[in-house]
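For reference, the structure is listed below as structure tokens.
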Amino acid sequence: MIINNTLIEPQKKQIDYQTPLKPNAFELDDDTKIALITDQFTNILSILGLDLTDDSLRDTPKRIAKMYVKEIFSGLNPTNKPVATLFENPYQYNEMLVEKNISVFSNCEHHFVPITGKAHVAYISDGKVIGLSKLNRIVQYYAQRPQVQERLTIQIAEELKTVLGTDDVAVMIDASHHCVSSRGIRDAASTTITTSFSGKFKEIATKNEFLNHVKS
């Protein structure tokens, strides 16, 4: 755009890959959240017509509440964020490290039904190496919240870049969405693949090496 004979460069839109949260998201402790969610699910199940005096259903609202807070949405709470363990690299390993087939269990934020699949992550050391289990824990932490797969992929990649101190990071997720397979179109065969490549992984040869490792 030209204004008064001056070329004005368009401003780049800032990328926001954070999970949308209320400012007061963590004012309530877990026990309070569980109690409140239990009450809400008691109402929901009652509206659906279920008899909550039945022995099988009596504790279902509380079970759901505990599952939400302590398990499948525990990644919303920053206190659960894994602490990355980094080690020196005295052997000067500077090739690609790939962790394949990391289990992904998440939930679609549109319908609150499961997203299940595998994540493949890789990095090239910039002087430090990370404990392998921490790669799994980082994937798990960001998966355990209401998600869309594109955001999940970027969140994992950005966390790895921050922790490892390098841009040389790749992430691929191949997942099935139950909002596609169990409702709507009911297509149980399709999967969704998302990727994030940065640093050296944007180079064709390095990217292809990573993809070949994933396929092998």
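Residue numbering restarts at 1 in every chain; chains get A, B, ... in the order shown in the structure tokens, and ligands count up from 1 in that same order.
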* Find the spatial neighbours of Thr38 (chain A), counting only C-alpha atoms, within a cut-off of 8 Å - ignore same-chain residues fewer than 3 positions away - and output them as a ChimeraX atom specification. => /A:34-35,41-42,61-62,64-65
Atoms kept (N, CA and C atoms) for selection, written as an mmCIF file, in the first residue's frame:
```cif
data_model
loop_
_atom_site.group_PDB
_atom_site.id
_atom_site.type_symbol
_atom_site.label_atom_id
_atom_site.label_comp_id
_atom_site.auth_asym_id
_atom_site.auth_seq_id
_atom_site.Cartn_x
_atom_site.Cartn_y
_atom_site.Cartn_z
ATOM 1 N N ILE A 34 -13.892 -29.989 40.339
ATOM 2 C CA ILE A 34 -14.521 -31.310 40.292
ATOM 3 C C ILE A 34 -15.927 -31.247 40.880
ATOM 4 N N ALA A 35 -16.074 -30.544 41.995
ATOM 5 C CA ALA A 35 -17.395 -30.436 42.625
ATOM 6 C C ALA A 35 -18.387 -29.709 41.719
ATOM 7 N N PHE A 41 -22.816 -32.017 35.483
ATOM 8 C CA PHE A 41 -23.086 -33.271 34.778
ATOM 9 C C PHE A 41 -24.273 -34.009 35.376
ATOM 10 N N THR A 42 -24.522 -33.822 36.666
ATOM 11 C CA THR A 42 -25.737 -34.376 37.250
ATOM 12 C C THR A 42 -26.956 -33.806 36.540
ATOM 13 N N PRO A 61 -21.499 -38.754 37.368
ATOM 14 C CA PRO A 61 -21.118 -37.337 37.261
ATOM 15 C C PRO A 61 -19.772 -37.019 37.899
ATOM 16 N N LYS A 62 -19.504 -37.596 39.068
ATOM 17 C CA LYS A 62 -18.218 -37.336 39.716
ATOM 18 C C LYS A 62 -17.075 -38.005 38.963
ATOM 19 N N ILE A 64 -16.913 -38.477 35.766
ATOM 20 C CA ILE A 64 -16.643 -37.625 34.600
ATOM 21 C C ILE A 64 -15.857 -36.393 35.022
ATOM 22 N N ALA A 65 -16.263 -35.776 36.124
ATOM 23 C CA ALA A 65 -15.595 -34.555 36.589
ATOM 24 C C ALA A 65 -14.130 -34.815 36.906
#
```
* Tell me, which residues of region 39-162 of chain A carry DSSP alpha helix (DSSP H), written as a ChimeraX atom specification? -> /A:39-47,60-66,132-143,149-162
Residue subset to file, keeping N, CA and C atoms, as a compact mmCIF listing (two decimals), in the first residue's frame:
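Resulting contents of out14.txt:
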```
# COMPACT_ATOMS: atom_id res chain seq x y z
N ASP A 39 -21.79 -31.29 39.68
CA ASP A 39 -23.16 -30.74 39.72
C ASP A 39 -23.71 -30.53 38.31
N GLN A 40 -22.86 -29.98 37.43
CA GLN A 40 -23.32 -29.71 36.07
C GLN A 40 -23.65 -31.00 35.32
N PHE A 41 -22.82 -32.02 35.48
CA PHE A 41 -23.09 -33.27 34.78
C PHE A 41 -24.27 -34.01 35.38
N THR A 42 -24.52 -33.82 36.67
CA THR A 42 -25.74 -34.38 37.25
C THR A 42 -26.96 -33.81 36.54
N ASN A 43 -26.94 -32.50 36.27
CA ASN A 43 -28.05 -31.87 35.55
C ASN A 43 -28.15 -32.37 34.11
N ILE A 44 -27.01 -32.48 33.45
CA ILE A 44 -27.02 -32.91 32.05
C ILE A 44 -27.58 -34.32 31.92
N LEU A 45 -27.09 -35.24 32.76
CA LEU A 45 -27.54 -36.63 32.67
C LEU A 45 -29.02 -36.76 33.06
N SER A 46 -29.43 -35.92 34.01
CA SER A 46 -30.85 -35.93 34.38
C SER A 46 -31.72 -35.44 33.23
N ILE A 47 -31.27 -34.37 32.55
CA ILE A 47 -32.01 -33.85 31.40
C ILE A 47 -32.11 -34.90 30.30
N THR A 60 -21.51 -41.55 38.30
CA THR A 60 -21.00 -41.16 36.98
C THR A 60 -20.66 -39.67 36.87
N PRO A 61 -21.50 -38.75 37.37
CA PRO A 61 -21.12 -37.34 37.26
C PRO A 61 -19.77 -37.02 37.90
N LYS A 62 -19.50 -37.60 39.07
CA LYS A 62 -18.22 -37.34 39.72
C LYS A 62 -17.08 -38.01 38.96
N ARG A 63 -17.33 -39.20 38.43
CA ARG A 63 -16.28 -39.87 37.65
C ARG A 63 -15.90 -39.03 36.43
N ILE A 64 -16.91 -38.48 35.77
CA ILE A 64 -16.64 -37.63 34.60
C ILE A 64 -15.86 -36.39 35.02
N ALA A 65 -16.26 -35.78 36.12
CA ALA A 65 -15.59 -34.55 36.59
C ALA A 65 -14.13 -34.81 36.91
N LYS A 66 -13.85 -35.90 37.61
CA LYS A 66 -12.46 -36.24 37.95
C LYS A 66 -11.65 -36.53 36.70
N LEU A 132 14.65 -38.71 26.57
CA LEU A 132 13.69 -39.15 25.56
C LEU A 132 12.25 -39.14 26.07
N SER A 133 12.05 -39.55 27.32
CA SER A 133 10.68 -39.61 27.83
C SER A 133 10.04 -38.23 27.88
N LYS A 134 10.87 -37.17 27.94
CA LYS A 134 10.31 -35.81 27.99
C LYS A 134 9.66 -35.44 26.67
N LEU A 135 10.13 -36.02 25.56
CA LEU A 135 9.47 -35.78 24.28
C LEU A 135 8.04 -36.32 24.33
N ASN A 136 7.89 -37.52 24.88
CA ASN A 136 6.55 -38.10 25.03
C ASN A 136 5.69 -37.25 25.96
N ARG A 137 6.29 -36.78 27.05
CA ARG A 137 5.52 -36.02 28.04
C ARG A 137 5.07 -34.67 27.49
N ILE A 138 5.90 -34.05 26.65
CA ILE A 138 5.51 -32.77 26.04
C ILE A 138 4.32 -32.98 25.11
N VAL A 139 4.37 -34.04 24.30
CA VAL A 139 3.24 -34.36 23.42
C VAL A 139 2.00 -34.61 24.26
N GLN A 140 2.13 -35.41 25.31
CA GLN A 140 1.00 -35.74 26.15
C GLN A 140 0.40 -34.50 26.82
N TYR A 141 1.26 -33.61 27.32
CA TYR A 141 0.79 -32.42 28.02
C TYR A 141 -0.10 -31.56 27.13
N TYR A 142 0.36 -31.30 25.90
CA TYR A 142 -0.43 -30.44 25.02
C TYR A 142 -1.63 -31.18 24.43
N ALA A 143 -1.58 -32.51 24.39
CA ALA A 143 -2.73 -33.27 23.89
C ALA A 143 -3.86 -33.30 24.91
N GLN A 149 -6.19 -30.19 15.80
CA GLN A 149 -4.91 -30.85 15.51
C GLN A 149 -3.85 -29.88 15.02
N GLU A 150 -4.27 -28.89 14.25
CA GLU A 150 -3.29 -27.92 13.74
C GLU A 150 -2.60 -27.19 14.89
N ARG A 151 -3.41 -26.73 15.88
CA ARG A 151 -2.83 -26.01 17.01
C ARG A 151 -1.94 -26.93 17.84
N LEU A 152 -2.40 -28.16 18.06
CA LEU A 152 -1.62 -29.13 18.83
C LEU A 152 -0.23 -29.32 18.22
N THR A 153 -0.18 -29.46 16.91
CA THR A 153 1.08 -29.66 16.21
C THR A 153 2.02 -28.48 16.44
N ILE A 154 1.50 -27.27 16.32
CA ILE A 154 2.31 -26.07 16.50
C ILE A 154 2.76 -25.91 17.95
N GLN A 155 1.86 -26.20 18.90
CA GLN A 155 2.22 -26.07 20.31
C GLN A 155 3.37 -26.99 20.68
N ILE A 156 3.33 -28.22 20.19
CA ILE A 156 4.41 -29.17 20.47
C ILE A 156 5.72 -28.66 19.86
N ALA A 157 5.65 -28.20 18.61
CA ALA A 157 6.86 -27.72 17.94
C ALA A 157 7.44 -26.51 18.65
N GLU A 158 6.61 -25.56 19.04
CA GLU A 158 7.10 -24.35 19.70
C GLU A 158 7.71 -24.67 21.07
N GLU A 159 7.10 -25.60 21.79
CA GLU A 159 7.65 -25.99 23.09
C GLU A 159 9.01 -26.66 22.92
N LEU A 160 9.13 -27.52 21.92
CA LEU A 160 10.41 -28.19 21.69
C LEU A 160 11.49 -27.18 21.31
N LYS A 161 11.14 -26.20 20.49
CA LYS A 161 12.13 -25.18 20.11
C LYS A 161 12.59 -24.38 21.33
N THR A 162 11.65 -24.05 22.20
CA THR A 162 11.98 -23.29 23.41
C THR A 162 12.85 -24.11 24.34
```
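The closest residue to Lys33 (chain A), picked from A:Met67, A:Ile130, A:Ile15, A:Ala84 and counting only C-alpha atoms, is A:Met67.
All residues within region 1-88 of chain A that the backbone DSSP calculation assigns to strand (DSSP E) are Ile2, Ile3, Thr6, Leu7, Leu86, Phe87 and Glu88 of chain A.
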* Mind checking which residues fall within 7 Å of Phe73 (chain A), counting only C-alpha atoms, ignoring those fewer than 6 positions away in the same chain, and posting them as a ChimeraX atom specification? => /A:144-146
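Interatomic distance, CA of Gln92 (chain A) to CA of Val129 (chain A): 9.9 Å.
Each of A:Glu27, A:Val171, A:His177, A:Cys108 was checked against Phe197 (chain A) using only C-alpha atoms; the smallest atom-to-atom distance is that of A:Val171.
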* Asked: Out of A:Phe112, A:Phe210, A:Phe201, A:Phe87, which residue has the shortest atom-to-atom distance to Val148 (chain A) when counting only C-alpha atoms?
  -> A:Phe112
* Can you pull out every residue within 8 Å of Thr116 (chain A), counting only C-alpha atoms, but drop anything in the same chain fewer than 6 positions away, and send it as a VMD selection string? => chain A and resid 103 to 106 175 to 177
If you keep N, CA and C atoms, can you produce a file of those selected residues as a PDB file, in the first residue's frame?
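Result file selection-v2.pdb:
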```
ATOM      1  N   SER A 103       2.120 -41.960  21.275  1.00  0.00           N
ATOM      2  CA  SER A 103       0.661 -42.038  21.327  1.00  0.00           C
ATOM      3  C   SER A 103       0.054 -40.669  21.611  1.00  0.00           C
ATOM      4  N   VAL A 104      -0.963 -40.328  20.834  1.00  0.00           N
ATOM      5  CA  VAL A 104      -1.706 -39.081  21.016  1.00  0.00           C
ATOM      6  C   VAL A 104      -3.134 -39.428  21.421  1.00  0.00           C
ATOM      7  N   PHE A 105      -3.526 -38.946  22.597  1.00  0.00           N
ATOM      8  CA  PHE A 105      -4.915 -39.050  23.053  1.00  0.00           C
ATOM      9  C   PHE A 105      -5.370 -37.643  23.417  1.00  0.00           C
ATOM     10  N   SER A 106      -6.223 -37.081  22.587  1.00  0.00           N
ATOM     11  CA  SER A 106      -6.705 -35.732  22.829  1.00  0.00           C
ATOM     12  C   SER A 106      -8.215 -35.713  22.633  1.00  0.00           C
ATOM     13  N   ALA A 175      -3.657 -38.612  12.882  1.00  0.00           N
ATOM     14  CA  ALA A 175      -4.682 -38.926  13.889  1.00  0.00           C
ATOM     15  C   ALA A 175      -6.057 -39.146  13.285  1.00  0.00           C
ATOM     16  N   SER A 176      -6.847 -39.921  14.012  1.00  0.00           N
ATOM     17  CA  SER A 176      -8.251 -40.134  13.684  1.00  0.00           C
ATOM     18  C   SER A 176      -9.110 -39.251  14.572  1.00  0.00           C
ATOM     19  N   HIS A 177     -10.138 -38.646  13.989  1.00  0.00           N
ATOM     20  CA  HIS A 177     -11.025 -37.749  14.721  1.00  0.00           C
ATOM     21  C   HIS A 177     -12.387 -38.423  14.868  1.00  0.00           C
TER      22      HIS A 177
END
```
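Between CA of Ile37 (chain A) and CA of Asp16 (chain A) lies a distance of 28.5 Å.
Counting only C-alpha atoms, the residue from A:Glu71, A:Cys179, A:Leu57, A:Asn77 that sits nearest to Asn24 (chain A) is A:Asn77.
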* Asked: In terms of the shortest atom-to-atom distance over only C-alpha atoms, which of A:Ser56, A:Leu48, A:Gly117, A:Thr79 is closest to Asp29 (chain A)?
  -> A:Thr79
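Near Gly127 (chain A), within a cut-off of 10 Å and counting only C-alpha atoms, sit the residues Leu86, Phe87, Glu88, Asn89, Pro90, Gln92, Tyr93, Asn94, Leu164, Gly165 and Thr166 of chain A, with same-chain residues fewer than 4 positions away left out.
If you measure from each of A:Met172, A:Tyr123, A:Arg183, A:Asp31 to Gly199 (chain A) using only C-alpha atoms, the closest one turns out to be A:Tyr123.
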* Structure fact -> Students should find that CA of Lys202 (chain A) and CA of Ile115 (chain A) are spaced 27.1 Å
